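Have a look at target-v4.pdb; it's PDB, N, CA and C atoms:
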```pdb
MODEL        1
ATOM      1  N   MET A   1      15.086  29.710 158.834
ATOM      2  CA  MET A   1      15.290  28.322 158.463
ATOM      3  C   MET A   1      15.218  27.485 159.742
ATOM      4  N   SER A   2      14.422  26.467 159.748
ATOM      5  CA  SER A   2      14.301  25.616 160.933
ATOM      6  C   SER A   2      15.369  24.534 160.916
ATOM      7  N   SER A   3      15.609  23.958 162.098
ATOM      8  CA  SER A   3      16.607  22.891 162.177
ATOM      9  C   SER A   3      16.155  21.658 161.417
ATOM     10  N   ARG A   4      14.843  21.512 161.178
ATOM     11  CA  ARG A   4      14.352  20.354 160.416
ATOM     12  C   ARG A   4      14.716  20.450 158.928
ATOM     13  N   SER A   5      14.873  21.660 158.428
ATOM     14  CA  SER A   5      15.153  21.802 157.000
ATOM     15  C   SER A   5      16.649  21.787 156.699
ATOM     16  N   ALA A   6      17.478  21.967 157.715
ATOM     17  CA  ALA A   6      18.916  21.978 157.485
ATOM     18  C   ALA A   6      19.590  21.047 158.485
ATOM     19  N   PRO A   7      19.968  19.843 158.049
ATOM     20  CA  PRO A   7      20.624  18.913 158.977
ATOM     21  C   PRO A   7      21.904  19.514 159.546
ATOM     22  N   SER A   8      22.197  19.196 160.779
ATOM     23  CA  SER A   8      23.387  19.723 161.439
ATOM     24  C   SER A   8      24.414  18.615 161.616
ATOM     25  N   CYS A   9      25.666  18.982 161.538
ATOM     26  CA  CYS A   9      26.741  18.021 161.734
ATOM     27  C   CYS A   9      27.669  18.468 162.857
ATOM     28  N   ALA A  10      27.201  19.349 163.711
ATOM     29  CA  ALA A  10      28.043  19.857 164.785
ATOM     30  C   ALA A  10      28.199  18.820 165.884
ATOM     31  N   PRO A  11      29.435  18.641 166.386
ATOM     32  CA  PRO A  11      29.636  17.694 167.487
ATOM     33  C   PRO A  11      29.076  18.259 168.784
ATOM     34  N   ALA A  12      28.715  17.374 169.687
ATOM     35  CA  ALA A  12      28.212  17.789 170.993
ATOM     36  C   ALA A  12      28.512  16.698 172.002
ATOM     37  N   ALA A  13      28.647  17.086 173.248
ATOM     38  CA  ALA A  13      28.829  16.120 174.337
ATOM     39  C   ALA A  13      27.594  16.195 175.219
ATOM     40  N   VAL A  14      26.849  15.107 175.265
ATOM     41  CA  VAL A  14      25.624  15.061 176.059
ATOM     42  C   VAL A  14      25.545  13.723 176.781
ATOM     43  N   SER A  15      24.681  13.655 177.761
ATOM     44  CA  SER A  15      24.474  12.408 178.492
ATOM     45  C   SER A  15      23.898  11.348 177.566
ATOM     46  N   ALA A  16      24.449  10.146 177.634
ATOM     47  CA  ALA A  16      23.922   9.038 176.831
ATOM     48  C   ALA A  16      22.476   8.735 177.212
ATOM     49  N   LEU A  17      22.124   8.949 178.477
ATOM     50  CA  LEU A  17      20.736   8.729 178.895
ATOM     51  C   LEU A  17      19.784   9.708 178.212
ATOM     52  N   ALA A  18      20.236  10.934 178.013
ATOM     53  CA  ALA A  18      19.380  11.949 177.403
ATOM     54  C   ALA A  18      19.068  11.638 175.938
ATOM     55  N   VAL A  19      19.962  10.935 175.275
ATOM     56  CA  VAL A  19      19.778  10.651 173.845
ATOM     57  C   VAL A  19      19.663   9.156 173.561
ATOM     58  N   ARG A  20      19.332   8.385 174.585
ATOM     59  CA  ARG A  20      19.255   6.920 174.469
ATOM     60  C   ARG A  20      18.407   6.473 173.279
ATOM     61  N   ASP A  21      17.198   7.021 173.148
ATOM     62  CA  ASP A  21      16.313   6.605 172.054
ATOM     63  C   ASP A  21      16.891   6.959 170.691
ATOM     64  N   ASP A  22      17.511   8.144 170.595
ATOM     65  CA  ASP A  22      18.105   8.560 169.322
ATOM     66  C   ASP A  22      19.302   7.688 168.956
ATOM     67  N   LEU A  23      20.090   7.276 169.945
ATOM     68  CA  LEU A  23      21.203   6.365 169.679
ATOM     69  C   LEU A  23      20.681   5.011 169.219
ATOM     70  N   HIS A  24      19.654   4.513 169.904
ATOM     71  CA  HIS A  24      19.081   3.205 169.576
ATOM     72  C   HIS A  24      18.488   3.183 168.164
ATOM     73  N   SER A  25      17.835   4.287 167.781
ATOM     74  CA  SER A  25      17.184   4.339 166.468
ATOM     75  C   SER A  25      18.160   4.636 165.338
ATOM     76  N   GLY A  26      19.367   5.119 165.697
ATOM     77  CA  GLY A  26      20.339   5.455 164.664
ATOM     78  C   GLY A  26      20.288   6.909 164.230
ATOM     79  N   ARG A  27      19.404   7.708 164.833
ATOM     80  CA  ARG A  27      19.356   9.137 164.487
ATOM     81  C   ARG A  27      20.621   9.855 164.932
ATOM     82  N   LEU A  28      21.238   9.354 166.022
ATOM     83  CA  LEU A  28      22.522   9.881 166.491
ATOM     84  C   LEU A  28      23.518   8.733 166.540
ATOM     85  N   VAL A  29      24.789   9.072 166.431
ATOM     86  CA  VAL A  29      25.850   8.082 166.457
ATOM     87  C   VAL A  29      26.822   8.433 167.573
ATOM     88  N   ARG A  30      27.158   7.440 168.406
ATOM     89  CA  ARG A  30      28.131   7.641 169.473
ATOM     90  C   ARG A  30      29.532   7.542 168.892
ATOM     91  N   VAL A  31      30.372   8.507 169.228
ATOM     92  CA  VAL A  31      31.751   8.526 168.763
ATOM     93  C   VAL A  31      32.655   8.515 169.983
ATOM     94  N   GLU A  32      33.500   7.502 170.091
ATOM     95  CA  GLU A  32      34.443   7.410 171.200
ATOM     96  C   GLU A  32      35.585   8.387 170.967
ATOM     97  N   MET A  33      36.085   8.971 172.056
ATOM     98  CA  MET A  33      37.193   9.921 171.975
ATOM     99  C   MET A  33      38.392   9.368 172.729
ATOM    100  N   ASP A  34      39.567   9.603 172.195
ATOM    101  CA  ASP A  34      40.807   9.261 172.887
ATOM    102  C   ASP A  34      41.435  10.554 173.404
ATOM    103  N   GLY A  35      42.044  10.475 174.549
ATOM    104  CA  GLY A  35      42.802  11.627 175.042
ATOM    105  C   GLY A  35      42.031  12.525 175.979
ATOM    106  N   GLU A  36      41.338  13.490 175.441
ATOM    107  CA  GLU A  36      40.666  14.507 176.238
ATOM    108  C   GLU A  36      39.594  13.921 177.143
ATOM    109  N   VAL A  37      39.565  14.391 178.365
ATOM    110  CA  VAL A  37      38.522  14.003 179.301
ATOM    111  C   VAL A  37      37.553  15.170 179.419
ATOM    112  N   ILE A  38      36.284  14.895 179.190
ATOM    113  CA  ILE A  38      35.271  15.938 179.275
ATOM    114  C   ILE A  38      34.650  15.877 180.659
ATOM    115  N   THR A  39      34.624  16.998 181.331
ATOM    116  CA  THR A  39      33.990  17.055 182.644
ATOM    117  C   THR A  39      32.863  18.081 182.606
ATOM    118  N   ARG A  40      31.946  17.920 183.526
ATOM    119  CA  ARG A  40      30.857  18.880 183.637
ATOM    120  C   ARG A  40      30.448  18.955 185.095
ATOM    121  N   PRO A  41      29.819  20.057 185.478
ATOM    122  CA  PRO A  41      29.404  20.198 186.875
ATOM    123  C   PRO A  41      28.344  19.169 187.254
ATOM    124  N   VAL A  42      28.357  18.774 188.512
ATOM    125  CA  VAL A  42      27.364  17.864 189.046
ATOM    126  C   VAL A  42      26.530  18.643 190.052
ATOM    127  N   ALA A  43      25.218  18.543 189.947
ATOM    128  CA  ALA A  43      24.330  19.260 190.864
ATOM    129  C   ALA A  43      23.337  18.282 191.477
ATOM    130  N   ALA A  44      22.927  18.571 192.685
ATOM    131  CA  ALA A  44      21.919  17.761 193.366
ATOM    132  C   ALA A  44      20.761  18.670 193.764
ATOM    133  N   VAL A  45      19.540  18.177 193.602
ATOM    134  CA  VAL A  45      18.343  18.949 193.922
ATOM    135  C   VAL A  45      17.449  18.096 194.802
ATOM    136  N   TRP A  46      16.881  18.689 195.828
ATOM    137  CA  TRP A  46      15.968  17.961 196.704
ATOM    138  C   TRP A  46      14.881  18.902 197.189
ATOM    139  N   ALA A  47      13.794  18.309 197.651
ATOM    140  CA  ALA A  47      12.687  19.092 198.194
ATOM    141  C   ALA A  47      12.998  19.437 199.646
ATOM    142  N   GLY A  48      12.602  20.602 200.076
ATOM    143  CA  GLY A  48      12.854  21.007 201.451
ATOM    144  C   GLY A  48      14.136  21.795 201.575
ATOM    145  N   ARG A  49      14.494  22.098 202.800
ATOM    146  CA  ARG A  49      15.659  22.946 203.048
ATOM    147  C   ARG A  49      16.975  22.187 202.971
ATOM    148  N   GLU A  50      16.999  20.959 203.458
ATOM    149  CA  GLU A  50      18.228  20.163 203.479
ATOM    150  C   GLU A  50      17.925  18.728 203.063
ATOM    151  N   PRO A  51      18.917  18.045 202.493
ATOM    152  CA  PRO A  51      18.683  16.644 202.119
ATOM    153  C   PRO A  51      18.588  15.764 203.364
ATOM    154  N   GLU A  52      17.956  14.620 203.197
ATOM    155  CA  GLU A  52      17.907  13.633 204.269
ATOM    156  C   GLU A  52      19.337  13.183 204.575
ATOM    157  N   PRO A  53      19.617  12.736 205.805
ATOM    158  CA  PRO A  53      20.974  12.300 206.150
ATOM    159  C   PRO A  53      21.536  11.237 205.199
ATOM    160  N   ALA A  54      20.713  10.271 204.796
ATOM    161  CA  ALA A  54      21.193   9.229 203.875
ATOM    162  C   ALA A  54      21.592   9.834 202.536
ATOM    163  N   ALA A  55      20.828  10.806 202.055
ATOM    164  CA  ALA A  55      21.158  11.472 200.792
ATOM    165  C   ALA A  55      22.459  12.253 200.928
ATOM    166  N   SER A  56      22.645  12.903 202.065
ATOM    167  CA  SER A  56      23.895  13.639 202.296
ATOM    168  C   SER A  56      25.099  12.708 202.267
ATOM    169  N   ARG A  57      24.965  11.546 202.908
ATOM    170  CA  ARG A  57      26.065  10.578 202.907
ATOM    171  C   ARG A  57      26.348  10.073 201.499
ATOM    172  N   LEU A  58      25.288   9.790 200.742
ATOM    173  CA  LEU A  58      25.459   9.307 199.368
ATOM    174  C   LEU A  58      26.152  10.364 198.511
ATOM    175  N   LEU A  59      25.738  11.608 198.629
ATOM    176  CA  LEU A  59      26.370  12.686 197.864
ATOM    177  C   LEU A  59      27.846  12.815 198.232
ATOM    178  N   ALA A  60      28.166  12.656 199.512
ATOM    179  CA  ALA A  60      29.559  12.733 199.947
ATOM    180  C   ALA A  60      30.385  11.595 199.351
ATOM    181  N   VAL A  61      29.828  10.392 199.292
ATOM    182  CA  VAL A  61      30.533   9.249 198.703
ATOM    183  C   VAL A  61      30.764   9.484 197.214
ATOM    184  N   ILE A  62      29.746   9.953 196.516
ATOM    185  CA  ILE A  62      29.880  10.210 195.076
ATOM    186  C   ILE A  62      30.928  11.292 194.828
ATOM    187  N   ALA A  63      30.875  12.374 195.585
ATOM    188  CA  ALA A  63      31.841  13.459 195.422
ATOM    189  C   ALA A  63      33.255  12.963 195.683
ATOM    190  N   ASP A  64      33.420  12.132 196.694
ATOM    191  CA  ASP A  64      34.734  11.581 197.009
ATOM    192  C   ASP A  64      35.254  10.722 195.871
ATOM    193  N   ARG A  65      34.405   9.874 195.317
ATOM    194  CA  ARG A  65      34.825   8.998 194.218
ATOM    195  C   ARG A  65      35.144   9.780 192.956
ATOM    196  N   LEU A  66      34.445  10.910 192.757
ATOM    197  CA  LEU A  66      34.713  11.748 191.592
ATOM    198  C   LEU A  66      35.856  12.718 191.837
ATOM    199  N   GLY A  67      36.325  12.772 193.084
ATOM    200  CA  GLY A  67      37.419  13.684 193.409
ATOM    201  C   GLY A  67      36.994  15.129 193.467
ATOM    202  N   ILE A  68      35.718  15.386 193.777
ATOM    203  CA  ILE A  68      35.236  16.760 193.821
ATOM    204  C   ILE A  68      34.779  17.159 195.218
ATOM    205  N   GLY A  69      34.998  16.292 196.201
ATOM    206  CA  GLY A  69      34.510  16.545 197.552
ATOM    207  C   GLY A  69      35.432  17.360 198.389
TER     208      GLY A  69
ENDMDL
END
```
This structure in structure tokens:
Amino acid sequence: MSSRSAPSCAPAAVSALAVRDDLHSGRLVRVEMDGEVITRPVAAVWAGREPEPAASRLLAVIADRLGIG
């Protein structure tokens, strides 16, 4: 049975950017949550062996603001 033939009602937590078009069209509905905070790992990817110095500083600022540095 394909997912097209059986609609799903399972909740999921995904990036709003990843489903922007589906939210806009109404295929998906955003549901606000009270209480629980959902966290997920943050990763950075760059070309080459090491990031440029400016990128390193930016990543450090973001990590500090998120409390993960």
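Atom pair atom CA of Gly67 of chain A / atom C of Arg20 of chain A has a distance of 28.6 Å (rounded to one decimal).
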* **alpha helix (DSSP H) call set, DSSP backbone run, chain A, as an MDAnalysis selection string** => chainID A and resid 20:25 53:66
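Taking atom CA of Leu66 of chain A and atom CA of Ala43 of chain A as the two end points, the separation is 12.8 Å.
Interatomic distance, atom CA of Arg30 of chain A against atom CA of Ala16 of chain A: 8.6 Å.
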* To do: Taking the file above as input, evaluate the PyMOL selection byres (((chain A and resi 13 and name CA) around 10) and name CA) and report the hits as a ChimeraX atom specification.
  => /A:11-12,14-16,30-31,38-40
